[in-house]
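Enquirer: Attaching a single structure in structure tokens format; questions to follow.
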Amino acid sequence: MISVAAIFDTSVSLALGILSLSFLVTIYRIVKGPTLPDRILGLDMLVAIAIGFIAVIGIKTGYTLYVDVAIALGLVGFLATVAFARFVLSRGKTEDDILTEAREAASQARREAKVAKRPGQGGATTHATATPAGTGNSSGRQDHE
């Protein structure tokens, strides 16, 4: 008959083997990519695999301190994932994208200003124009929209 100790040792060895294989597959995903979110997910998976290694070694040795280490690693891994996610979200628009949008908005505003300056039917304009400070109107006041 198979002893409990033999089953325990076989289970620990099997768990360590599976964790090692998943570690290698995850390293491949991190290196291969192809995108930054894939790499971030791989790093998060590495934290989970490390927690698995710590748990199996803690079970094998009988030290309960490993549970505390695994919990701390889980918390740090969660915070790292949140930080990476915020980084990816903030990278959604690069400086070039923001500058391009600002240029497009400025050119659109210039086009609208040209349309507003053209005299309409009957010579009246539909928008009041503000004059720069210091130039003033003939009445001495400035028009505001």
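Residues in the structure tokens are numbered from 1 in each chain, the chains being A, B, ... in the order shown, and ligands are numbered from 1 in the order shown.
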Can you list, as a VMD selection string, every protein, DNA or RNA residue that comes within 8 Å of Leu19 (chain A) when you count only C-alpha atoms, leaving out same-chain residues fewer than 2 positions away?

Expert: chain A and resid 15 to 17 21 to 23 49 52 to 53

Enquirer: Hey, can you spit out that residue selection with C-alpha atoms as a PDB file, in the first residue's frame?

Expert:
```pdb
ATOM      1  CA  ALA A  15       2.911  20.878  -8.078  1.00  0.00           C
ATOM      2  CA  LEU A  16       6.454  22.254  -8.337  1.00  0.00           C
ATOM      3  CA  GLY A  17       6.796  20.756 -11.826  1.00  0.00           C
ATOM      4  CA  LEU A  21       6.252  24.767 -16.571  1.00  0.00           C
ATOM      5  CA  SER A  22       3.794  27.630 -16.137  1.00  0.00           C
ATOM      6  CA  PHE A  23       6.696  29.879 -15.121  1.00  0.00           C
ATOM      7  CA  ILE A  49       3.079  31.673  -9.881  1.00  0.00           C
ATOM      8  CA  GLY A  52       2.086  29.267  -5.763  1.00  0.00           C
ATOM      9  CA  PHE A  53       5.766  28.375  -5.306  1.00  0.00           C
TER      10      PHE A  53
END
```

Enquirer: For a test of reading the model, state the distance in Å between CA of Thr26 (chain A) and CA of Gly42 (chain A), rounded to one decimal.

Expert: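 CA of Gly42 (chain A) lies at a distance of 5.7 Å from CA of Thr26 (chain A).
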
Enquirer: What does the distance between CA of Val56 (chain A) and CA of Asp68 (chain A) come to in Å, to one decimal place?

Expert: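 Atom-to-atom, CA of Val56 (chain A) to CA of Asp68 (chain A), that is 13.4 Å.
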
Enquirer: Separation of CA of Ile57 (chain A) and CA of Phe84 (chain A), in Å?

Expert: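 Taking CA of Ile57 (chain A) and CA of Phe84 (chain A), their separation equals 28.9 Å.
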
Enquirer: So that each row is one residue of region 4-60 of chain A with an atom at most 8 Å from region 71-80 of chain A, can you give its shortest atom pair and the distance in Å to one decimal, using only C-alpha atoms, rows by chain and rising number, as a tab-separated table?

Expert:
```
residue	atom	partner	partner_atom	distance
A:Asp44	CA	A:Gly77	CA	6.6
A:Val47	CA	A:Gly77	CA	6.0
A:Ala48	CA	A:Gly74	CA	7.4
A:Ile51	CA	A:Leu73	CA	7.0
```

Enquirer: Tell me which of A:Lys60, A:Met45, A:Val67, A:Leu14 sits closest to Arg29 (chain A), counting only C-alpha atoms.

Expert: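 Comparing A:Lys60, A:Met45, A:Val67, A:Leu14 against Arg29 (chain A), the winner is A:Met45.
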